[in-house]
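**Student:** Contents of my_file.tsv (TSV, C-alpha atoms) are below:
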```tsv
chain	number	residue	atom	x	y	z
Y	1	MET	CA	-31.08	45.80	-41.77
Y	2	THR	CA	-28.26	43.55	-42.90
Y	3	LEU	CA	-24.94	44.81	-44.28
Y	4	ALA	CA	-25.99	43.61	-47.73
Y	5	ASP	CA	-29.22	45.62	-47.47
Y	6	GLN	CA	-27.33	48.75	-46.41
Y	7	LEU	CA	-24.90	48.49	-49.33
Y	8	GLU	CA	-27.75	47.81	-51.75
Y	9	MET	CA	-29.66	50.80	-50.45
Y	10	LEU	CA	-26.66	53.12	-50.78
Y	11	ARG	CA	-26.06	51.97	-54.35
Y	12	SER	CA	-29.68	52.57	-55.31
Y	13	THR	CA	-29.64	56.01	-53.68
Y	14	LEU	CA	-26.67	57.23	-55.68
Y	15	SER	CA	-27.08	57.93	-59.37
Y	16	ASN	CA	-24.69	56.21	-61.79
Y	17	CYS	CA	-23.28	54.15	-58.96
Y	18	GLN	CA	-21.72	50.95	-60.25
Y	19	LEU	CA	-20.55	49.35	-57.05
Y	20	VAL	CA	-20.57	49.74	-53.28
Y	21	ALA	CA	-18.30	47.51	-51.21
Y	22	PHE	CA	-17.41	47.12	-47.56
Y	23	GLY	CA	-14.03	45.69	-46.68
Y	24	ASP	CA	-11.28	45.36	-44.15
Y	25	ALA	CA	-7.94	46.90	-45.04
Y	26	GLU	CA	-6.06	44.86	-42.44
Y	27	ALA	CA	-7.49	41.55	-43.62
Y	28	ARG	CA	-7.19	42.85	-47.21
Y	29	LEU	CA	-10.62	41.54	-47.99
Y	30	ILE	CA	-13.89	42.86	-49.38
Y	31	LEU	CA	-16.47	41.44	-47.01
Y	32	LYS	CA	-19.62	42.37	-48.94
Y	33	ALA	CA	-20.35	44.18	-52.18
Y	34	SER	CA	-23.36	45.39	-54.12
Y	35	HIS	CA	-23.04	45.68	-57.89
Y	36	ALA	CA	-25.28	45.38	-60.93
Y	37	MET	CA	-23.15	43.09	-63.10
Y	38	SER	CA	-21.29	40.01	-61.96
Y	39	LEU	CA	-17.69	40.86	-61.16
Y	40	PRO	CA	-14.63	38.68	-60.91
Y	41	ARG	CA	-13.01	38.42	-57.49
Y	42	GLU	CA	-9.89	40.13	-58.89
Y	43	THR	CA	-11.79	43.39	-59.30
Y	44	LEU	CA	-12.84	43.42	-55.67
Y	45	ASP	CA	-9.30	42.43	-54.62
Y	46	HIS	CA	-7.95	45.36	-56.62
Y	47	LEU	CA	-10.33	47.80	-54.93
Y	48	CYS	CA	-9.25	46.45	-51.57
Y	49	GLU	CA	-5.58	46.90	-52.48
Y	50	GLU	CA	-6.24	50.44	-53.64
Y	51	ALA	CA	-8.05	51.32	-50.39
Y	52	THR	CA	-5.22	49.79	-48.35
Y	53	THR	CA	-2.64	51.80	-50.30
Y	54	CYS	CA	-4.54	55.09	-49.92
Y	55	PHE	CA	-5.05	54.74	-46.18
Y	56	ALA	CA	-1.52	53.44	-45.61
Y	57	THR	CA	-0.26	56.56	-47.40
Y	58	ALA	CA	-2.45	58.81	-45.25
Y	59	ASP	CA	-1.18	57.07	-42.09
Y	60	MET	CA	2.45	57.21	-43.19
Y	61	LEU	CA	2.53	60.88	-44.21
Y	62	GLY	CA	-0.15	62.30	-41.91
Y	63	ALA	CA	0.06	63.31	-38.28
Y	64	GLN	CA	-0.20	60.40	-35.87
Y	65	GLY	CA	-3.80	59.60	-34.99
Y	66	ALA	CA	-5.15	62.35	-37.19
Y	67	SER	CA	-4.71	60.98	-40.69
Y	68	ALA	CA	-7.38	61.33	-43.34
Y	69	ASN	CA	-10.34	59.00	-43.54
Y	70	GLU	CA	-11.14	59.48	-47.19
Y	71	ALA	CA	-9.41	59.13	-50.53
Y	72	LEU	CA	-10.46	59.57	-54.12
Y	73	VAL	CA	-9.17	57.78	-57.20
Y	74	LEU	CA	-10.25	58.93	-60.66
Y	75	THR	CA	-9.71	56.91	-63.80
Y	76	GLU	CA	-10.69	57.76	-67.36
Y	77	ARG	CA	-14.18	56.40	-66.80
Y	78	GLU	CA	-14.96	56.21	-63.11
Y	79	SER	CA	-14.43	57.66	-59.68
Y	80	ARG	CA	-13.70	55.52	-56.64
Y	81	VAL	CA	-14.35	57.00	-53.24
Y	82	TYR	CA	-12.77	55.22	-50.25
Y	83	LEU	CA	-14.01	56.04	-46.76
Y	84	ARG	CA	-13.16	54.82	-43.28
Y	85	ALA	CA	-14.38	55.88	-39.85
Y	86	ASN	CA	-11.96	57.15	-37.20
Y	87	ASN	CA	-8.89	55.41	-38.61
Y	88	ARG	CA	-10.57	52.00	-38.33
Y	89	THR	CA	-9.45	49.24	-40.66
Y	90	ASP	CA	-12.88	48.64	-42.18
Y	91	PHE	CA	-13.77	50.85	-45.10
Y	92	LEU	CA	-16.42	51.62	-47.67
Y	93	CYS	CA	-15.73	51.87	-51.39
Y	94	VAL	CA	-18.12	53.56	-53.83
Y	95	VAL	CA	-17.48	53.31	-57.57
Y	96	SER	CA	-19.44	55.76	-59.76
Y	97	ALA	CA	-19.25	57.33	-63.20
Y	98	LEU	CA	-16.47	59.91	-63.57
Y	99	SER	CA	-19.02	62.69	-64.01
Y	100	GLU	CA	-20.66	62.09	-60.63
Y	101	ASP	CA	-20.41	64.68	-57.87
Y	102	THR	CA	-17.76	63.14	-55.61
Y	103	ASP	CA	-18.68	65.42	-52.68
Y	104	ALA	CA	-22.26	64.13	-52.74
Y	105	VAL	CA	-21.03	60.54	-53.01
Y	106	THR	CA	-18.68	61.12	-50.07
Y	107	ALA	CA	-21.43	62.65	-47.92
Y	108	GLN	CA	-23.86	59.78	-48.63
Y	109	GLY	CA	-21.11	57.22	-48.16
Y	110	LEU	CA	-20.07	58.66	-44.80
Y	111	ARG	CA	-23.65	58.53	-43.56
Y	112	ALA	CA	-23.94	54.89	-44.59
Y	113	LEU	CA	-20.54	54.05	-43.11
Y	114	HIS	CA	-21.48	55.50	-39.73
Y	115	GLU	CA	-24.67	53.45	-39.72
Y	116	ILE	CA	-22.73	50.32	-40.61
Y	117	ALA	CA	-19.95	51.06	-38.12
Y	118	GLY	CA	-22.51	51.91	-35.44
Y	119	ALA	CA	-24.28	48.61	-35.98
Y	120	ALA	CA	-21.03	46.63	-35.94
G	1	MET	CA	-24.41	48.34	-87.35
G	2	ILE	CA	-21.88	45.86	-88.62
G	3	ALA	CA	-20.61	46.79	-92.03
G	4	PRO	CA	-20.35	44.19	-94.79
G	5	ARG	CA	-17.00	42.60	-95.36
G	6	PRO	CA	-14.94	44.76	-97.73
G	7	GLN	CA	-14.42	43.23	-101.15
G	8	LYS	CA	-10.80	42.89	-102.22
G	9	SER	CA	-9.52	41.88	-105.60
G	10	GLN	CA	-7.68	38.58	-105.72
G	11	ASP	CA	-5.08	40.33	-107.85
G	12	ALA	CA	-4.45	43.02	-105.27
G	13	PRO	CA	-0.75	43.32	-104.49
G	14	VAL	CA	0.60	42.45	-101.07
G	15	THR	CA	0.73	45.77	-99.32
G	16	ALA	CA	2.94	46.93	-96.53
G	17	ASP	CA	0.02	47.92	-94.29
G	18	GLY	CA	0.58	44.72	-92.39
G	19	THR	CA	-2.72	42.97	-93.08
G	20	GLU	CA	-1.60	40.60	-95.79
G	21	LEU	CA	1.92	40.32	-94.46
G	22	ALA	CA	0.64	39.29	-91.05
G	23	ALA	CA	-1.63	36.69	-92.64
G	24	LEU	CA	1.22	35.32	-94.76
G	25	ARG	CA	3.51	35.18	-91.74
G	26	LYS	CA	0.89	33.25	-89.83
G	27	LEU	CA	0.37	30.87	-92.76
G	28	ALA	CA	4.10	30.26	-92.98
G	29	ALA	CA	4.43	29.63	-89.26
G	30	ASP	CA	4.05	26.16	-87.77
G	31	SER	CA	1.06	25.01	-85.76
G	32	GLY	CA	2.25	27.08	-82.77
G	33	GLY	CA	-0.34	29.65	-83.77
G	34	ALA	CA	-3.26	27.37	-82.93
G	35	TYR	CA	-5.93	28.26	-80.39
G	36	GLY	CA	-5.14	27.25	-76.84
G	37	THR	CA	-1.36	27.41	-77.24
G	38	TRP	CA	1.04	30.12	-76.14
G	39	ARG	CA	2.33	32.31	-78.95
G	40	PRO	CA	5.49	34.19	-77.95
G	41	VAL	CA	5.50	37.93	-78.67
G	42	ALA	CA	8.78	39.81	-78.69
G	43	SER	CA	7.34	43.23	-77.94
G	44	ASP	CA	4.17	45.10	-76.95
G	45	ALA	CA	3.74	46.11	-80.59
G	46	GLU	CA	3.86	42.47	-81.66
G	47	ALA	CA	1.27	41.54	-79.03
G	48	LEU	CA	-1.08	44.25	-80.29
G	49	ASP	CA	-0.45	43.19	-83.88
G	50	ALA	CA	-1.35	39.57	-83.03
G	51	ILE	CA	-4.64	40.61	-81.43
G	52	VAL	CA	-5.64	42.91	-84.28
G	53	THR	CA	-4.66	40.19	-86.78
G	54	GLU	CA	-6.94	37.78	-84.92
G	55	VAL	CA	-9.85	40.23	-85.30
G	56	GLY	CA	-9.14	40.38	-89.01
G	57	GLU	CA	-9.34	36.61	-89.40
G	58	VAL	CA	-12.65	35.93	-87.68
G	59	LEU	CA	-15.72	35.93	-89.91
G	60	LEU	CA	-18.36	33.99	-87.94
G	61	ALA	CA	-19.27	35.43	-84.56
G	62	ARG	CA	-16.92	34.19	-81.86
G	63	ARG	CA	-16.08	35.11	-78.31
G	64	ILE	CA	-12.33	34.81	-77.85
G	65	ARG	CA	-10.35	35.03	-74.64
G	66	VAL	CA	-6.86	36.47	-74.98
G	67	THR	CA	-4.50	35.79	-72.08
G	68	ALA	CA	-1.07	37.29	-71.44
G	69	GLN	CA	1.45	34.81	-70.06
G	70	ASN	CA	3.64	37.13	-67.96
G	71	THR	CA	0.91	39.23	-66.40
G	72	GLY	CA	-1.96	36.75	-66.31
G	73	ILE	CA	-4.30	39.39	-67.65
G	74	ALA	CA	-7.21	38.01	-69.69
G	75	VAL	CA	-9.53	39.93	-71.96
G	76	GLU	CA	-12.57	38.58	-73.78
G	77	MET	CA	-13.44	39.99	-77.14
G	78	THR	CA	-16.51	39.35	-79.26
G	79	VAL	CA	-15.58	39.34	-82.92
G	80	SER	CA	-17.80	39.02	-85.95
G	81	ASN	CA	-17.29	39.62	-89.66
G	82	ARG	CA	-13.75	40.98	-89.03
G	83	HIS	CA	-15.18	43.50	-86.56
G	84	LEU	CA	-14.46	43.77	-82.88
G	85	VAL	CA	-17.87	44.09	-81.25
G	86	THR	CA	-17.15	44.02	-77.52
G	87	LEU	CA	-14.15	43.97	-75.25
G	88	ALA	CA	-14.45	42.79	-71.66
G	89	GLY	CA	-11.82	42.94	-68.95
G	90	PRO	CA	-11.85	41.82	-65.32
G	91	GLN	CA	-14.31	44.60	-64.50
G	92	GLY	CA	-16.76	43.64	-67.20
G	93	GLN	CA	-17.39	45.19	-70.59
G	94	VAL	CA	-15.15	48.14	-71.42
G	95	GLN	CA	-16.82	51.25	-72.82
G	96	LEU	CA	-14.81	52.37	-75.84
G	97	LYS	CA	-15.06	55.60	-77.78
G	98	ASP	CA	-13.32	54.79	-81.05
G	99	ALA	CA	-10.74	52.57	-82.73
G	100	GLY	CA	-7.93	54.59	-81.14
G	101	ASP	CA	-9.42	53.94	-77.73
G	102	VAL	CA	-9.63	50.19	-78.50
G	103	VAL	CA	-5.99	50.10	-79.56
G	104	ARG	CA	-4.85	52.07	-76.51
G	105	THR	CA	-6.79	49.78	-74.16
G	106	LEU	CA	-5.36	46.65	-75.76
G	107	ARG	CA	-1.85	48.09	-75.84
G	108	GLU	CA	-1.98	48.94	-72.13
G	109	ALA	CA	-3.63	45.67	-71.14
G	110	PHE	CA	-1.09	43.51	-72.96
G	111	SER	CA	2.02	45.47	-72.10
G	112	GLY	CA	4.80	43.03	-71.18
G	113	ALA	CA	2.67	39.99	-72.13
G	114	GLY	CA	5.63	37.81	-73.22
G	115	ALA	CA	3.28	35.36	-74.92
G	116	LEU	CA	-0.40	35.31	-75.82
G	117	LYS	CA	-2.96	32.54	-75.76
G	118	PHE	CA	-6.14	32.77	-77.82
G	119	GLU	CA	-9.08	30.56	-76.85
G	120	ILE	CA	-12.57	30.41	-78.31
G	121	THR	CA	-14.94	30.58	-75.35
G	122	GLU	CA	-18.20	30.83	-77.31
G	123	ARG	CA	-18.94	29.84	-80.90
G	124	ALA	CA	-22.16	31.73	-81.50
G	125	PRO	CA	-22.35	34.66	-79.12
G	126	MET	CA	-25.30	36.99	-79.39
G	127	VAL	CA	-24.32	40.02	-81.47
G	128	THR	CA	-26.95	42.71	-81.72
G	129	GLN	CA	-27.33	44.26	-85.15
G	130	THR	CA	-27.22	47.75	-83.72
G	131	ALA	CA	-24.11	47.15	-81.64
G	132	ARG	CA	-21.26	49.53	-82.34
G	133	SER	CA	-18.23	47.73	-83.67
G	134	TRP	CA	-14.73	48.47	-84.89
G	135	PRO	CA	-13.61	47.01	-88.24
G	136	HIS	CA	-10.23	45.35	-88.47
G	137	ASP	CA	-8.99	47.95	-90.96
G	138	ALA	CA	-9.83	50.82	-88.60
G	139	LEU	CA	-8.02	49.08	-85.74
G	140	ARG	CA	-4.94	48.55	-87.88
G	141	GLN	CA	-5.04	52.17	-88.99
G	142	ALA	CA	-5.31	53.32	-85.38
G	143	MET	CA	-2.33	51.12	-84.49
G	144	HIS	CA	-0.11	53.11	-86.79
G	145	ALA	CA	-1.61	56.56	-86.18
G	146	PRO	CA	0.45	58.92	-84.04
G	147	ASP	CA	-1.17	59.51	-80.67
G	148	SER	CA	-0.49	63.23	-80.79
G	149	GLU	CA	-3.88	64.23	-79.40
G	150	ARG	CA	-3.36	62.19	-76.26
G	151	ASP	CA	0.26	63.29	-75.90
G	152	GLY	CA	-0.78	66.94	-76.20
G	153	ALA	CA	-3.58	66.58	-73.64
G	154	GLN	CA	-1.20	64.75	-71.30
G	155	ALA	CA	1.45	67.46	-71.53
G	156	THR	CA	-1.18	70.14	-70.87
G	157	LEU	CA	-2.51	68.29	-67.82
G	158	ILE	CA	0.96	67.77	-66.36
G	159	GLY	CA	1.84	71.42	-66.86
G	160	GLU	CA	-1.39	72.53	-65.16
G	161	LEU	CA	-0.96	70.19	-62.22
G	162	GLN	CA	2.66	71.20	-61.70
G	163	ALA	CA	1.68	74.88	-61.78
G	164	MET	CA	-0.94	74.28	-59.08
G	165	ALA	CA	1.38	72.28	-56.80
G	166	ASP	CA	3.74	73.64	-54.17
G	167	ALA	CA	6.05	70.64	-54.74
G	168	TRP	CA	6.25	67.78	-57.19
G	169	LEU	CA	8.35	64.75	-58.07
G	170	ASP	CA	8.43	63.10	-61.50
G	171	LEU	CA	9.29	59.44	-60.96
G	172	GLN	CA	10.16	58.87	-64.60
G	173	THR	CA	12.71	61.67	-64.97
G	174	GLN	CA	13.50	62.00	-61.23
G	175	GLN	CA	13.06	65.76	-61.61
G	176	SER	CA	11.51	67.62	-58.71
G	177	SER	CA	10.50	71.08	-57.60
G	178	GLY	CA	9.48	72.71	-54.33
G	179	ALA	CA	10.52	72.59	-50.70
G	180	ALA	CA	13.02	69.79	-49.98
G	181	GLU	CA	11.01	68.52	-47.01
G	182	ARG	CA	7.85	68.12	-49.09
G	183	VAL	CA	9.73	66.48	-51.98
G	184	SER	CA	11.25	64.10	-49.46
G	185	GLN	CA	7.73	63.16	-48.26
G	186	LEU	CA	6.69	62.49	-51.85
G	187	ALA	CA	9.78	60.29	-52.33
G	188	LYS	CA	8.92	58.42	-49.12
G	189	HIS	CA	5.47	57.67	-50.51
G	190	ALA	CA	6.97	56.50	-53.82
G	191	ASN	CA	9.44	54.19	-52.06
G	192	ALA	CA	6.79	52.70	-49.79
G	193	LYS	CA	4.62	51.90	-52.80
G	194	ALA	CA	7.52	50.28	-54.62
G	195	GLU	CA	8.42	48.13	-51.60
G	196	HIS	CA	4.95	46.84	-50.91
G	197	HIS	CA	3.85	46.25	-54.52
G	198	THR	CA	0.41	47.23	-53.40
G	199	GLU	CA	-1.06	47.72	-56.83
G	200	ALA	CA	-2.99	44.78	-58.13
G	201	THR	CA	-3.81	43.72	-61.64
G	202	PRO	CA	-1.72	44.85	-64.58
G	203	LEU	CA	-4.82	46.05	-66.40
G	204	GLN	CA	-5.50	48.47	-63.58
G	205	ARG	CA	-1.89	49.44	-63.03
G	206	VAL	CA	-1.31	50.81	-66.48
G	207	HIS	CA	-4.60	52.63	-66.76
G	208	PRO	CA	-4.32	56.40	-66.31
G	209	ARG	CA	-5.55	57.58	-62.96
G	210	LEU	CA	-5.37	60.42	-60.49
G	211	SER	CA	-5.48	59.77	-56.74
G	212	LEU	CA	-6.21	62.43	-54.15
G	213	VAL	CA	-5.31	61.66	-50.54
G	214	PRO	CA	-5.62	64.47	-47.99
G	215	ILE	CA	-2.63	64.34	-45.64
G	216	SER	CA	-3.05	67.51	-43.58
G	217	GLU	CA	-4.77	70.89	-43.75
G	218	THR	CA	-2.06	72.13	-46.11
G	219	PHE	CA	-1.05	68.94	-47.90
G	220	LEU	CA	-3.16	67.12	-50.46
G	221	LEU	CA	-1.22	64.25	-52.00
G	222	VAL	CA	-1.91	64.05	-55.74
G	223	ASP	CA	-0.65	60.87	-57.39
G	224	VAL	CA	-0.95	60.90	-61.18
G	225	CYS	CA	-0.27	57.89	-63.38
G	226	LEU	CA	-0.34	58.43	-67.15
G	227	GLY	CA	0.95	55.26	-68.77
G	228	GLN	CA	4.68	55.22	-68.17
G	229	GLN	CA	4.70	58.67	-66.56
G	230	ARG	CA	4.13	58.93	-62.83
G	231	LEU	CA	3.98	62.25	-61.04
G	232	LEU	CA	3.54	62.91	-57.31
G	233	LEU	CA	2.45	66.36	-56.25
G	234	SER	CA	1.82	68.22	-53.05
G	235	GLY	CA	-1.22	70.43	-53.52
G	236	ASP	CA	-3.48	72.64	-51.47
G	237	PRO	CA	-6.54	70.71	-50.20
G	238	LYS	CA	-8.63	73.77	-51.06
G	239	ASN	CA	-7.89	73.06	-54.74
G	240	ARG	CA	-9.33	69.53	-54.61
G	241	ALA	CA	-12.30	70.43	-56.83
G	242	ASP	CA	-9.93	72.07	-59.31
G	243	TYR	CA	-7.81	68.91	-59.56
G	244	ILE	CA	-10.96	66.88	-60.22
G	245	ALA	CA	-12.16	69.36	-62.87
G	246	ARG	CA	-8.81	69.30	-64.68
G	247	TRP	CA	-8.75	65.51	-64.69
G	248	ARG	CA	-12.27	65.40	-66.13
G	249	ALA	CA	-11.31	67.96	-68.77
G	250	TYR	CA	-8.29	65.83	-69.71
G	251	CYS	CA	-10.42	62.68	-70.01
G	252	SER	CA	-13.12	64.39	-72.06
G	253	ALA	CA	-10.49	65.77	-74.46
G	254	LEU	CA	-9.34	62.26	-75.39
```
Here is a file; write its structure as structure tokens.

**Tutor:**
Amino acid sequence: MTLADQLEMLRSTLSNCQLVAFGDAEARLILKASHAMSLPRETLDHLCEEATTCFATADMLGAQGASANEALVLTERESRVYLRANNRTDFLCVVSALSEDTDAVTAQGLRALHEIAGAA
Amino acid sequence: MIAPRPQKSQDAPVTADGTELAALRKLAADSGGAYGTWRPVASDAEALDAIVTEVGEVLLARRIRVTAQNTGIAVEMTVSNRHLVTLAGPQGQVQLKDAGDVVRTLREAFSGAGALKFEITERAPMVTQTARSWPHDALRQAMHAPDSERDGAQATLIGELQAMADAWLDLQTQQSSGAAERVSQLAKHANAKAEHHTEATPLQRVHPRLSLVPISETFLLVDVCLGQQRLLLSGDPKNRADYIARWRAYCSAL
């Protein structure tokens, strides 16, 4: 299964999921994304910046080598879950409606991330 | 459904509600107000006024891109019969609740614009008859209405979050509370963010948001941005669900 297929599958599994993206925080780049509507590049760049900021914060304030691998950003309309595996630079971003269960999104996202990371 | 254009008497006096005055000002101005040219705006209020005035002057359906010179932000609005029908930002069409929500979104998006450029991107966009729309008059009314509901909800949220936190730092007032070591960590985070300018588009930056980043078993970093107000808190990770619930309650109260 390709990365695009995996992202597409995760998005279809989650209810009210608007976007799933896989990126690299070090390269500051979204490598692949699955979304219903066409999106300008700036939106993906912004998500990448936000992920980079969250994980940089976790690394800066957390204990060395044991910093958090997830972050959550809520806006007035949506929730954005950022996940990474074992402090790696690649990450997964899931954008859903604000009302969605973020724990369920995180659990599904982590499963998908481990499959992607395992295949990489 | 799009309402018919309101009938106004030709003898109606020029009122101070801004509608006629804005139109007269535009008529008196030189051709600098044409589409495709930059129109300087002295303040955020003037930028909002220019956009709402534009809505009030468009009768036939048009899709118009509005660009801010200083921030580069561009928003596309579909306007028909002096009604704003849709508003689309970089992330696609924005879901809006009411005229107040439209005004708030525009005000935040075009904060610090410096100058605006209006461009017609489509001359006959599809406008569904059942589409919800916001008449120019309602937008102008919302512009001048006090935002007390939002201010009240914001104050309540901040009070609740501060009560739940073991330390906090208000970046606007520079007030803080809690253990010095934890406040110092919050300040470190604030400084790092300021140095790296890691936040992207202006439209995103000004939108209210709450970020939760777990730092350790006893430290959940809560970063709250409410327009101009920015609050950093150190919370208990066990209260994560409570922070989410309070944010949702705040958003649903707006």

**Student:** Using Å and a single decimal, report how far CA of Glu46 (chain G) sits from CA of Pro146 (chain G).

**Tutor:** 17.0 Å

**Student:** May I ask you to extract the residues of chain Y within 7 Å of chain G, using all atoms listed in the file, and to give them as a ChimeraX atom specification?

**Tutor:** /Y:39-40,42-43,46,49-50,53-54,57-58,61-62,67-68,71-76

**Student:** Using only C-alpha atoms, which of the listed residues (G:Ala99, G:Ala113, G:Leu232, G:Leu48) sits closest to Ala167 (chain G)?

**Tutor:**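 Looking only at the distances to Ala167 (chain G), the closest residue turns out to be G:Leu232.
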
**Student:** Compile the contact shell of Val94 (chain Y) as a short mmCIF file (atom, residue, chain, number, x, y, z; two decimals) with C-alpha atoms, keeping the file's coordinate frame: residues with an atom at most 8 Å away, counting all atoms listed in the file, same-chain residues fewer than 3 positions apart removed.

**Tutor:**
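Ended up saving to around03.cif:
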```cif
data_model
loop_
_atom_site.label_atom_id
_atom_site.label_comp_id
_atom_site.auth_asym_id
_atom_site.auth_seq_id
_atom_site.Cartn_x
_atom_site.Cartn_y
_atom_site.Cartn_z
CA CYS Y 17 -23.28 54.15 -58.96
CA GLN Y 18 -21.72 50.95 -60.25
CA LEU Y 19 -20.55 49.35 -57.05
CA VAL Y 20 -20.57 49.74 -53.28
CA ALA Y 21 -18.30 47.51 -51.21
CA ARG Y 80 -13.70 55.52 -56.64
CA VAL Y 81 -14.35 57.00 -53.24
CA TYR Y 82 -12.77 55.22 -50.25
CA VAL Y 105 -21.03 60.54 -53.01
CA GLY Y 109 -21.11 57.22 -48.16
#
```

**Student:** Using all atoms listed in the file, which of the listed residues (Y:Phe55, Y:Arg28, Y:Leu83, Y:Ser34) sits closest to Ala107 (chain Y)?

**Tutor:**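 That would be Y:Leu83, the residue with the smallest distance to Ala107 (chain Y).
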
**Student:** Between CA of Lys117 (chain G) and CA of Thr37 (chain G), what is the distance in Å, rounded to a tenth?

**Tutor:** 5.6 Å

**Student:** Point out the residue among Y:Glu8, Y:Glu78, Y:Asp59, Y:Asp103 with the least atom-to-atom distance to Phe22 (chain Y), counting all atoms listed in the file.

**Tutor:**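 Nearest candidate to Phe22 (chain Y) out of Y:Glu8, Y:Glu78, Y:Asp59, Y:Asp103: Y:Glu8.
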
**Student:** My list of candidates is Y:Ile30, Y:His35, Y:Gly118, Y:Phe91. Which is closest to Ser12 (chain Y) when distances are computed with all atoms listed in the file?

**Tutor:**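 Checking each of Y:Ile30, Y:His35, Y:Gly118, Y:Phe91 against Ser12 (chain Y), counting all atoms listed in the file, the winner is Y:His35.
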
**Student:** Within 8 Å of region 68-84 of chain G, counting only C-alpha atoms, which residues qualify if same-chain residues fewer than 3 places away don't, as a ChimeraX atom specification?

**Tutor:** /G:2,4-5,38,55-65,87-90,109-110,112-117,125,127,133-136,201-203

**Student:** Would you please work out which residue, of G:Asp242, G:Glu122, G:Glu181, G:Asp236, is nearest to Glu160 (chain G) when using all atoms listed in the file?

**Tutor:**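 Among the listed residues, the smallest separation from Glu160 (chain G) belongs to G:Asp242.
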
**Student:** Give me, please, the distance in Å between CA of Gly36 (chain G) and CA of Thr128 (chain G), quoted to one decimal.

**Tutor:**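 These atoms are spaced 27.2 Å apart.
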
**Student:** For Thr89 (chain Y), which residue among Y:Met37, Y:Ala56, Y:Leu14, Y:Asp45 is the nearest when counting all atoms listed in the file?

**Tutor:** Y:Ala56
